[in-house]
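J.: One file: coords_27.csv (CSV, C-alpha atoms and all ligand atoms).
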```
chain,number,residue,atom,x,y,z
A,1,MET,CA,0.9,-10.9,-16.4
A,2,LYS,CA,4.2,-10.7,-14.5
A,3,ILE,CA,3.7,-10.9,-10.8
A,4,PHE,CA,6.5,-10.1,-8.3
A,5,TYR,CA,6.4,-12.0,-5.0
A,6,SER,CA,8.9,-12.9,-2.3
A,7,GLU,CA,8.6,-15.6,0.3
A,8,THR,CA,10.4,-13.3,2.7
A,9,HIS,CA,7.1,-11.9,3.9
A,10,ARG,CA,6.7,-15.0,6.1
A,11,LYS,CA,9.4,-13.5,8.4
A,12,HIS,CA,6.9,-10.9,9.4
A,13,ASN,CA,4.3,-12.7,11.3
A,14,PRO,CA,3.5,-11.0,14.6
A,15,PRO,CA,1.8,-13.3,17.1
A,16,PHE,CA,-1.0,-10.8,17.9
A,17,GLU,CA,-2.2,-7.2,17.5
A,18,LEU,CA,-4.1,-4.9,19.9
A,19,PHE,CA,-7.5,-3.8,18.9
A,20,ASP,CA,-9.6,-1.0,20.4
A,21,GLY,CA,-10.1,-1.4,24.1
A,22,GLY,CA,-6.9,-3.5,24.4
A,23,LEU,CA,-8.2,-6.8,22.9
A,24,ARG,CA,-5.3,-9.0,22.0
A,25,ALA,CA,-6.3,-10.6,18.7
A,26,PRO,CA,-4.5,-12.8,16.1
A,27,TYR,CA,-2.7,-10.7,13.5
A,28,LEU,CA,-5.2,-10.0,10.8
A,29,GLU,CA,-2.6,-9.1,8.2
A,30,ASN,CA,-1.2,-12.6,8.1
A,31,PRO,CA,0.8,-14.8,5.7
A,32,ASP,CA,-2.3,-16.9,4.8
A,33,ARG,CA,-3.5,-13.9,2.8
A,34,MET,CA,-0.6,-14.4,0.4
A,35,ASP,CA,-1.2,-18.2,0.2
A,36,ARG,CA,-4.8,-17.6,-0.8
A,37,ILE,CA,-3.8,-15.2,-3.5
A,38,LEU,CA,-1.0,-17.4,-4.8
A,39,ASN,CA,-3.3,-20.4,-5.0
A,40,ALA,CA,-5.9,-18.4,-7.0
A,41,LEU,CA,-3.2,-16.9,-9.3
A,42,ARG,CA,-1.7,-20.4,-10.0
A,43,GLU,CA,-5.1,-21.5,-11.2
A,44,THR,CA,-5.2,-18.9,-14.0
A,45,ASP,CA,-3.5,-19.3,-17.3
A,46,TRP,CA,-2.0,-15.8,-17.3
A,47,ALA,CA,-0.1,-15.3,-14.0
A,48,GLU,CA,3.7,-15.6,-14.2
A,49,ILE,CA,5.2,-15.4,-10.7
A,50,HIS,CA,8.7,-14.0,-10.4
A,51,GLU,CA,11.1,-13.3,-7.6
A,52,PRO,CA,11.9,-9.6,-7.2
A,53,SER,CA,15.3,-8.1,-7.8
A,54,ASP,CA,17.2,-6.3,-5.0
A,55,PHE,CA,17.2,-2.6,-5.6
A,56,GLY,CA,19.1,-1.7,-2.4
A,57,LEU,CA,18.2,1.0,0.0
A,58,ASP,CA,18.4,4.1,-2.2
A,59,PRO,CA,14.9,3.9,-3.7
A,60,VAL,CA,13.4,3.4,-0.2
A,61,LEU,CA,15.3,6.4,1.1
A,62,ALA,CA,14.0,8.5,-1.8
A,63,ALA,CA,10.5,8.1,-0.4
A,64,HIS,CA,11.2,7.7,3.4
A,65,ASP,CA,13.2,9.6,6.0
A,66,LYS,CA,16.6,8.0,6.8
A,67,GLU,CA,16.3,8.2,10.6
A,68,TYR,CA,12.9,6.4,10.3
A,69,VAL,CA,14.4,3.6,8.1
A,70,ASP,CA,17.3,3.3,10.6
A,71,PHE,CA,14.8,2.9,13.4
A,72,LEU,CA,13.0,0.1,11.5
A,73,ALA,CA,16.4,-1.6,10.8
A,74,SER,CA,17.6,-1.6,14.4
A,75,CYS,CA,14.4,-1.7,16.4
A,76,TRP,CA,14.3,-5.5,16.9
A,77,THR,CA,17.9,-5.8,18.1
A,78,GLU,CA,17.5,-2.8,20.4
A,79,TRP,CA,14.3,-4.3,21.7
A,80,LEU,CA,15.9,-7.6,22.7
A,81,ASP,CA,18.9,-5.8,24.1
A,82,SER,CA,16.6,-3.9,26.4
A,83,LYS,CA,15.6,-7.3,28.0
A,84,PRO,CA,11.8,-6.7,27.8
A,85,LYS,CA,9.5,-8.8,30.1
A,86,ASP,CA,7.5,-9.9,27.0
A,87,PRO,CA,9.7,-10.0,24.0
A,88,SER,CA,7.1,-11.4,21.6
A,89,LEU,CA,6.8,-8.2,19.6
A,90,PHE,CA,7.8,-4.5,19.7
A,91,LEU,CA,5.1,-2.0,20.3
A,92,PRO,CA,5.4,1.3,22.1
A,93,ALA,CA,2.8,2.4,24.7
A,94,THR,CA,3.2,6.2,24.2
A,95,PHE,CA,2.6,8.1,21.0
A,96,ALA,CA,4.0,11.4,19.8
A,97,LEU,CA,1.5,14.1,19.0
A,98,ARG,CA,4.4,15.8,17.0
A,99,HIS,CA,3.4,19.2,18.3
A,100,HIS,CA,6.8,19.4,19.9
A,101,PRO,CA,9.9,19.0,17.6
A,102,GLN,CA,12.1,17.1,20.0
A,103,LYS,CA,12.9,13.6,18.8
A,104,PRO,CA,13.2,11.1,21.7
A,105,LYS,CA,16.3,9.1,22.2
A,106,SER,CA,15.0,6.0,24.0
A,107,LEU,CA,13.8,3.0,22.0
A,108,LEU,CA,10.2,3.2,23.3
A,109,GLY,CA,10.2,6.9,22.8
A,110,ARG,CA,11.3,6.5,19.2
A,111,GLY,CA,8.7,3.8,18.8
A,112,GLY,CA,6.0,6.2,19.8
A,113,TYR,CA,7.5,8.8,17.5
A,114,TYR,CA,7.7,6.6,14.4
A,115,ILE,CA,4.6,4.3,14.9
A,116,MET,CA,1.1,5.6,14.5
A,117,ASP,CA,-1.0,2.8,16.0
A,118,LEU,CA,-1.0,-0.6,17.6
A,119,SER,CA,-1.3,-2.6,14.3
A,120,ALA,CA,2.3,-1.8,13.2
A,121,CYS,CA,3.9,-4.5,15.3
A,122,ILE,CA,7.6,-5.1,14.8
A,123,VAL,CA,9.1,-8.6,15.1
A,124,GLU,CA,12.5,-10.0,14.1
A,125,GLY,CA,11.8,-10.3,10.4
A,126,THR,CA,9.6,-7.1,9.9
A,127,TYR,CA,12.3,-4.9,8.3
A,128,GLU,CA,13.6,-7.7,6.0
A,129,ALA,CA,10.0,-8.5,4.9
A,130,ALA,CA,9.2,-4.8,4.3
A,131,LEU,CA,12.3,-4.4,2.2
A,132,ALA,CA,11.4,-7.5,0.1
A,133,SER,CA,7.9,-6.1,-0.3
A,134,ALA,CA,9.3,-2.8,-1.6
A,135,ASN,CA,11.5,-4.7,-4.0
A,136,CYS,CA,8.4,-6.4,-5.4
A,137,ALA,CA,6.9,-3.0,-6.2
A,138,LEU,CA,10.2,-1.8,-7.7
A,139,SER,CA,10.5,-4.9,-9.8
A,140,ALA,CA,7.0,-4.5,-11.1
A,141,ALA,CA,7.8,-0.8,-12.0
A,142,GLU,CA,11.0,-1.8,-13.7
A,143,PHE,CA,9.1,-4.4,-15.8
A,144,ILE,CA,6.7,-1.9,-17.2
A,145,ILE,CA,9.5,0.5,-18.1
A,146,GLN,CA,11.5,-2.3,-19.8
A,147,SER,CA,8.5,-3.7,-21.7
A,148,SER,CA,7.2,-0.4,-22.9
A,149,ALA,CA,10.8,0.6,-24.0
A,150,SER,CA,11.4,-2.5,-26.1
A,151,PRO,CA,9.0,-3.1,-29.0
A,152,SER,CA,11.0,-6.2,-29.9
A,153,SER,CA,10.0,-7.9,-26.6
A,154,SER,CA,7.3,-10.5,-26.9
A,155,SER,CA,5.3,-8.9,-24.1
A,156,PHE,CA,5.4,-5.5,-25.7
A,157,THR,CA,2.4,-3.3,-25.5
A,158,ASN,CA,2.3,0.5,-25.0
A,159,HIS,CA,0.4,0.0,-21.8
A,160,PRO,CA,1.9,-3.0,-20.0
A,161,SER,CA,0.9,-3.8,-16.5
A,162,SER,CA,2.4,-5.8,-13.7
A,163,PHE,CA,1.4,-6.9,-10.2
A,164,ALA,CA,3.4,-6.5,-7.0
A,165,LEU,CA,2.1,-9.1,-4.5
A,166,CYS,CA,3.4,-7.1,-1.6
A,167,ARG,CA,3.3,-8.1,2.1
A,168,PRO,CA,3.5,-6.2,4.4
A,169,PRO,CA,1.3,-3.7,2.6
A,170,GLY,CA,2.5,-0.1,2.4
A,171,HIS,CA,0.0,2.7,1.9
A,172,HIS,CA,-0.4,3.8,5.5
A,173,ALA,CA,3.4,4.3,5.9
A,174,GLY,CA,4.3,7.9,5.7
A,175,LYS,CA,7.6,9.6,5.1
A,176,ASP,CA,8.7,8.9,8.7
A,177,TYR,CA,6.1,6.7,10.3
A,178,ALA,CA,4.6,3.2,10.3
A,179,GLY,CA,0.9,2.5,10.8
A,180,GLY,CA,-2.0,0.3,9.7
A,181,TYR,CA,0.2,-2.9,9.1
A,182,CYS,CA,2.5,-0.8,6.9
A,183,PHE,CA,6.2,0.0,7.3
A,184,ILE,CA,7.6,0.9,3.9
A,185,ASN,CA,5.2,2.4,1.4
A,186,ASN,CA,5.6,0.1,-1.6
A,187,ALA,CA,3.4,2.0,-3.9
A,188,ALA,CA,5.1,5.3,-3.0
A,189,VAL,CA,8.6,3.8,-3.5
A,190,ALA,CA,7.5,2.6,-7.0
A,191,ALA,CA,5.9,5.9,-7.8
A,192,GLN,CA,8.9,7.8,-6.7
A,193,TRP,CA,11.2,5.6,-8.8
A,194,LEU,CA,8.9,6.0,-11.8
A,195,SER,CA,8.7,9.8,-11.3
A,196,SER,CA,12.3,10.1,-12.7
A,197,LYS,CA,10.8,9.1,-16.1
A,198,GLY,CA,7.8,11.4,-16.1
A,199,ASN,CA,4.6,12.3,-14.2
A,200,VAL,CA,3.0,9.5,-12.2
A,201,ALA,CA,-0.6,9.1,-10.9
A,202,VAL,CA,-1.2,7.0,-7.8
A,203,LEU,CA,-4.8,5.7,-7.5
A,204,ASP,CA,-5.6,4.1,-4.1
A,205,ILE,CA,-8.7,1.9,-4.0
A,206,ASP,CA,-8.1,0.3,-0.6
A,207,TYR,CA,-11.0,0.6,1.8
A,208,HIS,CA,-8.8,2.8,4.0
A,209,CYS,CA,-7.3,6.2,3.1
A,210,GLY,CA,-3.8,6.0,1.6
A,211,ASN,CA,-2.6,8.5,4.2
A,212,GLY,CA,1.1,7.5,3.8
A,213,THR,CA,1.1,8.0,0.1
A,214,GLN,CA,-0.7,11.3,0.6
A,215,ASP,CA,2.0,12.3,3.1
A,216,ILE,CA,4.9,11.4,0.9
A,217,PHE,CA,3.7,13.3,-2.2
A,218,TYR,CA,1.7,16.1,-0.5
A,219,GLU,CA,4.0,18.9,-1.8
A,220,ARG,CA,4.6,17.4,-5.2
A,221,ASN,CA,3.0,18.2,-8.6
A,222,ASP,CA,4.8,15.5,-10.5
A,223,VAL,CA,2.9,12.7,-8.7
A,224,LEU,CA,-0.8,13.0,-8.6
A,225,THR,CA,-2.3,11.1,-5.7
A,226,ILE,CA,-6.0,10.1,-5.4
A,227,SER,CA,-7.6,8.0,-2.7
A,228,LEU,CA,-11.1,6.6,-2.5
A,229,HIS,CA,-11.9,5.3,1.0
A,230,ALA,CA,-14.2,5.1,3.9
A,231,ASP,CA,-14.8,8.5,5.4
A,232,PRO,CA,-12.3,9.1,8.2
A,233,ASP,CA,-15.1,10.6,10.2
A,234,PHE,CA,-15.9,7.0,11.2
A,235,GLU,CA,-13.0,5.0,9.9
A,236,TYR,CA,-9.2,4.5,10.4
A,237,PRO,CA,-6.9,6.5,9.9
A,238,SER,CA,-9.2,9.1,11.5
A,239,TYR,CA,-6.8,12.0,11.1
A,240,PHE,CA,-6.4,12.0,7.3
A,241,GLY,CA,-8.5,11.4,4.2
A,242,PHE,CA,-10.9,14.4,4.3
A,243,ALA,CA,-12.0,15.9,1.0
A,244,ASN,CA,-10.5,19.3,1.9
A,245,GLU,CA,-7.0,17.9,1.9
A,246,ARG,CA,-5.8,19.0,-1.5
A,247,GLY,CA,-2.0,19.1,-1.3
A,248,ARG,CA,0.4,21.9,-0.1
A,249,ASP,CA,2.6,24.5,-1.9
A,250,LYS,CA,3.5,23.2,-5.3
A,251,GLY,CA,1.5,20.1,-4.6
A,252,PHE,CA,-1.8,22.0,-4.1
A,253,GLY,CA,-4.5,20.6,-6.3
A,254,PHE,CA,-2.5,17.4,-6.9
A,255,HIS,CA,-4.0,15.3,-4.1
A,256,HIS,CA,-7.6,14.3,-4.0
A,257,ASN,CA,-9.5,12.4,-1.3
A,258,PHE,CA,-12.9,10.8,-2.0
A,259,PRO,CA,-14.4,9.8,1.4
A,260,LEU,CA,-17.3,7.3,1.0
A,261,PRO,CA,-20.2,6.6,3.4
A,262,LYS,CA,-20.8,3.2,5.0
A,263,GLY,CA,-22.7,0.8,2.8
A,264,THR,CA,-21.4,2.3,-0.5
A,265,ASP,CA,-22.5,-0.2,-3.2
A,266,ASP,CA,-21.1,-1.0,-6.7
A,267,GLY,CA,-23.0,1.7,-8.4
A,268,SER,CA,-22.1,4.6,-6.1
A,269,TYR,CA,-18.5,3.4,-5.9
A,270,LEU,CA,-18.1,3.2,-9.6
A,271,ALA,CA,-19.6,6.7,-10.0
A,272,THR,CA,-17.0,8.1,-7.7
A,273,LEU,CA,-14.3,6.1,-9.4
A,274,ASP,CA,-15.3,7.7,-12.7
A,275,ARG,CA,-14.6,11.1,-11.2
A,276,ALA,CA,-11.2,10.0,-10.0
A,277,LEU,CA,-10.4,8.5,-13.4
A,278,GLU,CA,-11.3,11.8,-15.1
A,279,LEU,CA,-8.8,13.6,-13.0
A,280,ILE,CA,-6.1,11.1,-14.1
A,281,ARG,CA,-7.1,11.5,-17.8
A,282,GLU,CA,-6.8,15.3,-17.4
A,283,TYR,CA,-3.4,14.9,-15.7
A,284,LYS,CA,-2.0,12.7,-18.5
A,285,PRO,CA,0.6,10.8,-16.4
A,286,MET,CA,3.2,8.7,-18.0
A,287,HIS,CA,2.7,5.9,-15.5
A,288,LEU,CA,0.0,4.7,-13.1
A,289,VAL,CA,0.4,3.0,-9.7
A,290,VAL,CA,-2.7,1.4,-8.3
A,291,SER,CA,-2.8,0.7,-4.5
A,292,ALA,CA,-5.1,-2.3,-4.7
A,293,GLY,CA,-6.7,-3.1,-1.4
A,294,MET,CA,-9.5,-5.6,-1.5
A,295,ASP,CA,-11.1,-4.6,1.8
A,296,ILE,CA,-13.7,-2.7,-0.2
A,297,TYR,CA,-15.3,-6.1,-0.6
A,298,ALA,CA,-18.7,-6.4,0.9
A,299,ASP,CA,-17.8,-9.2,3.4
A,300,ASP,CA,-14.4,-7.9,4.5
A,301,PRO,CA,-14.1,-8.1,8.3
A,302,LEU,CA,-12.5,-4.6,8.5
A,303,GLY,CA,-14.8,-2.9,5.9
A,304,THR,CA,-18.2,-1.3,5.8
A,305,ILE,CA,-18.3,-0.7,2.0
A,306,LYS,CA,-20.4,-3.1,0.0
A,307,VAL,CA,-18.6,-3.7,-3.3
A,308,SER,CA,-19.2,-7.2,-4.8
A,309,THR,CA,-16.6,-9.3,-6.6
A,310,GLU,CA,-18.3,-8.3,-9.9
A,311,GLY,CA,-17.9,-4.7,-8.8
A,312,ILE,CA,-14.2,-5.3,-8.2
A,313,GLY,CA,-14.0,-6.7,-11.8
A,314,GLU,CA,-15.7,-3.6,-13.1
A,315,ILE,CA,-13.3,-1.3,-11.1
A,316,GLY,CA,-10.4,-3.2,-12.8
A,317,ARG,CA,-11.9,-2.7,-16.3
A,318,ARG,CA,-12.5,1.0,-15.8
A,319,ILE,CA,-8.9,1.6,-14.5
A,320,ALA,CA,-7.5,-0.6,-17.3
A,321,SER,CA,-9.5,1.6,-19.8
A,322,LEU,CA,-7.0,4.4,-19.0
A,323,LYS,CA,-4.6,2.4,-21.1
A,324,LEU,CA,-1.6,3.5,-19.0
A,325,PRO,CA,1.5,1.5,-18.1
A,326,SER,CA,0.3,0.3,-14.7
A,327,VAL,CA,1.9,-1.1,-11.6
A,328,ILE,CA,-0.7,-2.7,-9.4
A,329,VAL,CA,0.4,-3.0,-5.8
A,330,MET,CA,-1.3,-5.2,-3.2
A,331,GLU,CA,-2.5,-3.4,-0.1
A,332,GLY,CA,-5.2,-4.6,2.3
A,333,GLY,CA,-8.0,-7.2,2.1
A,334,TYR,CA,-8.8,-9.4,5.1
A,335,ASN,CA,-11.5,-11.8,3.9
A,336,ASN,CA,-9.0,-14.5,3.2
A,337,GLU,CA,-11.7,-16.8,1.7
A,338,ALA,CA,-12.6,-14.3,-1.0
A,339,LEU,CA,-9.2,-12.6,-1.4
A,340,GLY,CA,-7.8,-14.9,-4.2
A,341,ARG,CA,-11.0,-14.6,-6.2
A,342,ASN,CA,-11.2,-10.8,-5.8
A,343,ILE,CA,-7.6,-10.2,-6.8
A,344,THR,CA,-7.7,-12.5,-9.9
A,345,THR,CA,-11.1,-10.9,-10.9
A,346,PHE,CA,-9.5,-7.4,-10.6
A,347,LEU,CA,-6.2,-8.3,-12.3
A,348,SER,CA,-7.9,-10.1,-15.2
A,349,ALA,CA,-9.1,-6.7,-16.5
A,350,PHE,CA,-5.4,-5.8,-17.2
A,351,VAL,CA,-4.5,-9.1,-18.9
B,401,ZN,ZN,-7.2,-1.2,4.1
```
Transcribe the structure of this file into structure tokens.

T.:
Amino acid sequence: MKIFYSETHRKHNPPFELFDGGLRAPYLENPDRMDRILNALRETDWAEIHEPSDFGLDPVLAAHDKEYVDFLASCWTEWLDSKPKDPSLFLPATFALRHHPQKPKSLLGRGGYYIMDLSACIVEGTYEAALASANCALSAAEFIIQSSASPSSSSFTNHPSSFALCRPPGHHAGKDYAGGYCFINNAAVAAQWLSSKGNVAVLDIDYHCGNGTQDIFYERNDVLTISLHADPDFEYPSYFGFANERGRDKGFGFHHNFPLPKGTDDGSYLATLDRALELIREYKPMHLVVSAGMDIYADDPLGTIKVSTEGIGEIGRRIASLKLPSVIVMEGGYNNEALGRNITTFLSAFV
């Protein structure tokens, strides 16, 4: 299996994040996550790790608002220019409710407008790392197009798959906002790029609602978006992910949320997954993008869902049984000890 990965993610390594109540804690979405996954992949006999190609800004701007991307690009320089007392990372302390259309001009005002929460910390290398992460997803998408188009290629199959080992993750980043460790929505950028070839389905199995992907495609009927996640009644992102969010205008009926209760085990997770997979079969997409978060794992420090490693393997097998050309995109997963094993178990279903 082709895996696209860039070392550039190491440039995004905020020294801390702020948790509920103001606790300053080590940044949970850290480079060690990638090292654990890489080590596990290198022990398999099927993982081929490649550098991503550079697709430039156009595919990113096809999924995100330009002024938001401009903000990400210039934020760090502007932050240092403002001579902050503590320059270790950029975070605003005010947040826009967006009930008022006026966009603020000041850096901290724009920060509060474009950032949803205190986990999306910006440091010097954040923008560069986020672009490289999106390039991993685009390279994985390009690979499945190329290999399904060329029967002469040795890797030809009519349902190829590839893995984008993305960091920072992306599925919480909306059209014009960052949140939940995410800045550029890698899965959405890949899905948008693939949508020029035909309908796409995005299936998000991260523990948290893929609110950013939902936001980006909410008015579209050419990209079906489905998210299985912990119920926002008790879990982040709190304001999105309810079952009655179905899409808008032309997109109505093309978004589905499956909120899950605390303690959801393998059996009940798989039963819900089967309902999601049935929706994808009915939609008959040309390509599938999977937002693969491993924080559904029973011992994840951020999760409350109790899916085992064997359950993660079965989730992989059921998704692979769709027999669709598939781009699998890394999202969350914070039990670093188990992360490599969980990802290789999931991916092996596609090999
Ligand atoms: Zn998550």

J.: Please, which residues are within 10 Å of (-3.5, -2.0, -16.4) by the file's coordinates, counting all atoms listed in the file, and could they come as JSON, numbers by chain?

T.: {"A": [1, 159, 160, 161, 162, 163, 288, 289, 290, 316, 317, 318, 319, 320, 321, 322, 323, 324, 325, 326, 327, 328, 346, 347, 348, 349, 350, 351]}

J.: As a list in words, please: the residues near Ala130 (chain A) (cut-off 8 Å, all atoms listed in the file, same-chain neighbours under 5 positions excluded).

T.: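 After dropping sequence-adjacent residues, the list is His9, Arg167, Pro168, Phe183 and Ile184 of chain A.
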
J.: Just give me the gap between CA of Lys105 (chain A) and CA of Lys175 (chain A) in Å, one decimal is fine.

T.: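 One can read the CA of Lys105 (chain A) to CA of Lys175 (chain A) distance as 19.2 Å.
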
J.: Which one is closest to ligand ZN 401 (chain B): A:Asp81, A:Asp32, A:Asp295, A:Glu7? Count only C-alpha atoms and all ligand atoms.

T.: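 Nearest to ligand ZN 401 (chain B): A:Asp295.
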
J.: Using only C-alpha atoms and all ligand atoms, find each protein or nucleic acid residue lying at most 7 Å from ligand ZN 401 (chain B); present the set as a compact mmCIF listing (two decimals) with C-alpha atoms, in the frame of the given file.

T.:
```txt
# COMPACT_ATOMS: atom_id res chain seq x y z
CA ASP A 206 -8.10 0.30 -0.60
CA TYR A 207 -11.00 0.60 1.80
CA HIS A 208 -8.80 2.80 4.00
CA GLY A 293 -6.70 -3.10 -1.40
CA ASP A 295 -11.10 -4.60 1.80
CA GLU A 331 -2.50 -3.40 -0.10
CA GLY A 332 -5.20 -4.60 2.30
CA GLY A 333 -8.00 -7.20 2.10
```

J.: Within 9 Å of Val307 (chain A), counting all atoms listed in the file, which residues show up once you throw out same-chain ones fewer than 6 positions away? Write them as a ChimeraX atom specification, please.

T.: /A:263-267,269,296-299

J.: With distances taken over only C-alpha atoms, which of A:Val123, A:Met330, A:Leu80, A:Ile216 is nearest to Ala62 (chain A)?

T.: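 Closest to Ala62 (chain A) of all the choices is A:Ile216.
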
J.: Would you please work out which residue, of A:Asn221, A:Thr8, A:Gln192, A:Asn39, is nearest to Leu61 (chain A) when using all atoms listed in the file?

T.: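 Nearest candidate to Leu61 (chain A) out of A:Asn221, A:Thr8, A:Gln192, A:Asn39: A:Gln192.
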
J.: Which of these residues is nearest to Cys182 (chain A), using all atoms listed in the file: A:Asp20, A:Glu29, A:Glu219, A:Asp70?

T.: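 Selected residue with least distance to Cys182 (chain A): A:Glu29.
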
J.: For a cut-off of 10 Å around (-3.9, -14.9, -3.2), file coordinates, pick out all residues using only C-alpha atoms and list them as JSON, numbers by chain.

T.: {"A": [32, 33, 34, 35, 36, 37, 38, 39, 40, 41, 42, 165, 336, 337, 338, 339, 340, 341, 342, 343, 344]}
